[in-house]
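For reference, the structure discussed in these notes is given below.
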Amino acid sequence: TVLSEEALYRPYFHFTPEEKWMNDPNGMFYYNGYYHLFFQHYPDSTVWGPMHWGHAVSTDLLNWKELPIALYPDESGYIFSGSAVVDHENTSGFGENGAPPVIAMYTIHNPEKRDNDQVDVETQGIAYSTDEGMTWTKYQGNPVIENPGIRDFRDPKIVRDTTRNQWVMVLAAQDRAKFYRSDNLKDWEFLSDFGVETGAHGGVWECPDFFPMTVEDTGETKWVLIQSVNPGGPNGGSATQYFIGDFDGTTFILDPGFEAELNKRKAFWIDYGKDNYAGVTWSGIPDSDGRKLFIGWMSNWEYAQQVPTTAWRSAMTLPRELRLVKTGNTYQLASQPVRELKDFRARASKKHDIALNTPFVYHTESNAALNSTEISLTLEGIGNGTSVIQLYNKEGDSLTFGLNSQKKEFFIDRTKTGKTGFSEKFAEKKSVAPRFSSSATLDIHIVLDKTSIEIFYDNGSVVMTEIFFPEAPFDTFRLTATDSEAVIKEIAIHQLKFD
Ligand code: FRU
């Protein structure tokens with residue numbers, strides 16, 4: 001039987017638009033029980049075009065309901081990426097009847113100016129909602145920030161700076177992040193620049209995010225700047241780096257320990273796989289929850305417009321919880337799947353203390369496949385050898401990933417995953433990531449959907465996310481280790497179930 005595109009490739013639990021093109025996640029906020037997700041959307045084609053903000057909501061971050069388009073392009077231009085905040089104190093004055101208004105800030109991109117080679121192509125606008133994000137009105141006074149003479153000037157992300165009682169906004173301007181402040185979300189004042197001489201600059205900076213976080217264990221507050229760059233990622237194309245430091249209300253300064261480590265590493269990447277771009281965090285998560293929730297676009301500008309789906313194009317990553325940890329003298333982010341994923345575990349297969357002198361092989365039972373599956377395992381006794389996991393199916397497709405300890409390198413190889421020929425860039429080589437830990441113990445957390453793998457190594461300190469398009473679902477998991485002492489301390493394979 002030949003499976004339909006829908007059956008073979010529509011993810012079970014990663015957000016995809018019902019139809020047509022999607023790129024960056026936008027304007028995510030939480031209010032009154034709902035997680036809102038907006039997204040760069042072109043409803044008329046499966047390639048990029050005049051940008052709209054699509055809209056979806058969820059109560060559990062995994063089942064999404066797509067709603068009518070929130071923002072349409074108009075004579076001023078396309079609606080590019082941006083953010084949204086719940087204005088609890090009605091600082092903007094857009095509120096009605098005591099309900100807090102929701103303010104979205106986005107880039108207005110004027111394609112005619114771009115075609116005429118003008119520099120002032122991008123300005124910033126706002127829109128407001130008085131019905132909890134369901135319908136939106138563009139502000140009459142747009143643009144709220146004029147173009148200062150920089151061609152790439154976009155993707156505003158607003159955060160409430162509770163220490164100084166101000167709104168802070170960061171946007172990307174070619175080779176730097178620019179910070180602004182406001183009291184009312186309408187009048188914005190430029191504060192400072194960051195980044196011209198630091199971090200990865202293989203391409204233009206896009207889609208920043210900026211927020212305070214409490215450091216695990218030490219309890220300190222540090223500010224995190226997330227900064228996407230395209231191209232220039234660690235394995236080619238688009239990727240997302242981050243910086244950690246302090247913010248005095250005006251200027252962002254790198255933490256000295258972080259900066260020393262950055263000088264060695266050149267960049268800190270939120271994900272080393274090829275398919276996690278333009279990711280930012282949710283606003284409005286209540287203090288009682290306290291999580292920093294992140295979602296990215298699970299594709300890469302190198303081939304996003306060629307991937308082999310015809311009804312829709314591209315998915316979001318799994319929503320992830322970010323943690324800020326101190327390791328030695330530096331700080332770093334770690335990611336893990338949101339805990340809500342556990343609620344969808346249906347059947348588990350658990351084993352422990354398995355010597356790896358012969359490969360460990362797990363065949364799925366009939367009707368189940370490794371395409372809606374969460375696998376957690378801990379390996380012990382890792383020496384200088386390799387630990388390799390291979391997923392395969394009856395069509396001869398395989399996905400291979402793991403650790404090369406000699407090189408202190410994780411890798412993922414999708415060159416034989418099935419449909420790969422749609423773009424030269426898609427499977428030209430395997431992707432690699434450094435392993436920072438030297439521990440003989442390695443924990444691996446893997447989340448599989450029909451067309452994606454998200455791998456969290458060493459407690460989420462190294463993440464690799466990649467997409468693939470097999471001819472049939474993978475049904476077999478095989479783990480081989482060359483170190484004679486290597487054992488699987490424990491492994492849990494959970495089949496996930498979504499309605
Ligand atoms: C990132 C990006 C943003 C821009 C949007 C346009 O993928 O290029 O910088 O706002 O996509 O769709």
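By convention in this document, the chains of the structure tokens carry letters A, B, ... by their order, each chain's residues are numbered from 1, and ligands are numbered from 1 in the order they are shown.
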
>> Let me see if you get this right: every residue at most 7 Å from ligand 1, counting only C-alpha atoms and all ligand atoms, written as a ChimeraX atom specification.
In response: /A:23-24,40,51,80-81,107,154-155,206-207,278

Taking only residues of region 329-400 of chain A that have an atom at most 10 Å from an atom of region 473-476 of chain A, what is each one's shortest atom pair and its distance in Å to one decimal, using only C-alpha atoms, in chain and number order, as a Markdown table?
```
| residue | atom | partner | partner_atom | distance |
| --- | --- | --- | --- | --- |
| A:Val361 | CA | A:Thr476 | CA | 7.2 |
| A:Tyr362 | CA | A:Thr476 | CA | 5.8 |
| A:His363 | CA | A:Thr476 | CA | 4.6 |
| A:Thr364 | CA | A:Asp475 | CA | 5.5 |
| A:Glu365 | CA | A:Asp475 | CA | 8.4 |
| A:Ser366 | CA | A:Asp475 | CA | 9.1 |
| A:Asn367 | CA | A:Asp475 | CA | 9.6 |
| A:Ala368 | CA | A:Asp475 | CA | 7.7 |
| A:Ala369 | CA | A:Asp475 | CA | 4.9 |
| A:Leu370 | CA | A:Phe474 | CA | 5.4 |
| A:Asn371 | CA | A:Pro473 | CA | 6.4 |
| A:Ser372 | CA | A:Pro473 | CA | 9.9 |
| A:Gln390 | CA | A:Thr476 | CA | 8.0 |
| A:Leu391 | CA | A:Thr476 | CA | 5.5 |
| A:Tyr392 | CA | A:Phe474 | CA | 4.9 |
| A:Asn393 | CA | A:Phe474 | CA | 4.4 |
| A:Lys394 | CA | A:Phe474 | CA | 7.9 |
| A:Glu395 | CA | A:Phe474 | CA | 9.1 |
| A:Gly396 | CA | A:Phe474 | CA | 9.6 |
| A:Asp397 | CA | A:Phe474 | CA | 7.9 |
| A:Ser398 | CA | A:Phe474 | CA | 7.7 |
| A:Leu399 | CA | A:Phe474 | CA | 8.7 |
```

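Of the listed residues (A:Leu254, A:Ile453, A:Leu171, A:Met298), A:Met298 comes nearest to Ala239 (chain A); the distances count only C-alpha atoms.
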
>> Env of Asn32 (chain A): 10 Å cut, atoms = only C-alpha atoms, seq-sep filter 5 positions within chain, self excluded. Answer as a ChimeraX atom specification.
In response: /A:59,132,284,286

Give me a file of those residues, with N, CA and C atoms, as an mmCIF file, in the first residue's frame.
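Output contents, as saved in selection.cif:
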```cif
data_model
loop_
_atom_site.group_PDB
_atom_site.id
_atom_site.type_symbol
_atom_site.label_atom_id
_atom_site.label_comp_id
_atom_site.auth_asym_id
_atom_site.auth_seq_id
_atom_site.Cartn_x
_atom_site.Cartn_y
_atom_site.Cartn_z
ATOM 1 N N THR A 59 -4.009 24.334 24.236
ATOM 2 C CA THR A 59 -4.041 24.371 25.698
ATOM 3 C C THR A 59 -2.920 23.505 26.279
ATOM 4 N N GLU A 132 -8.492 39.068 23.495
ATOM 5 C CA GLU A 132 -7.564 37.991 23.836
ATOM 6 C C GLU A 132 -6.852 37.405 22.624
ATOM 7 N N GLY A 284 4.141 36.172 28.595
ATOM 8 C CA GLY A 284 2.915 36.023 29.372
ATOM 9 C C GLY A 284 2.778 34.736 30.159
ATOM 10 N N PRO A 286 2.675 32.791 33.289
ATOM 11 C CA PRO A 286 2.539 33.300 34.663
ATOM 12 C C PRO A 286 3.726 32.902 35.549
#
```

> Could you pull out all residues of region 338-454 of chain A with a DSSP call of strand (DSSP E or B) and give them as an NGL selection string?
Replying inline: :A and (345-355 or 360-363 or 373-380 or 386-392 or 398-404 or 409-413 or 431-434 or 442-449 or 452-454)

> How would you write, as an MDAnalysis selection string, the set of residues in region 256-412 of chain A that DSSP gives as alpha helix (DSSP H)?
Replying inline: chainID A and resid 256:265
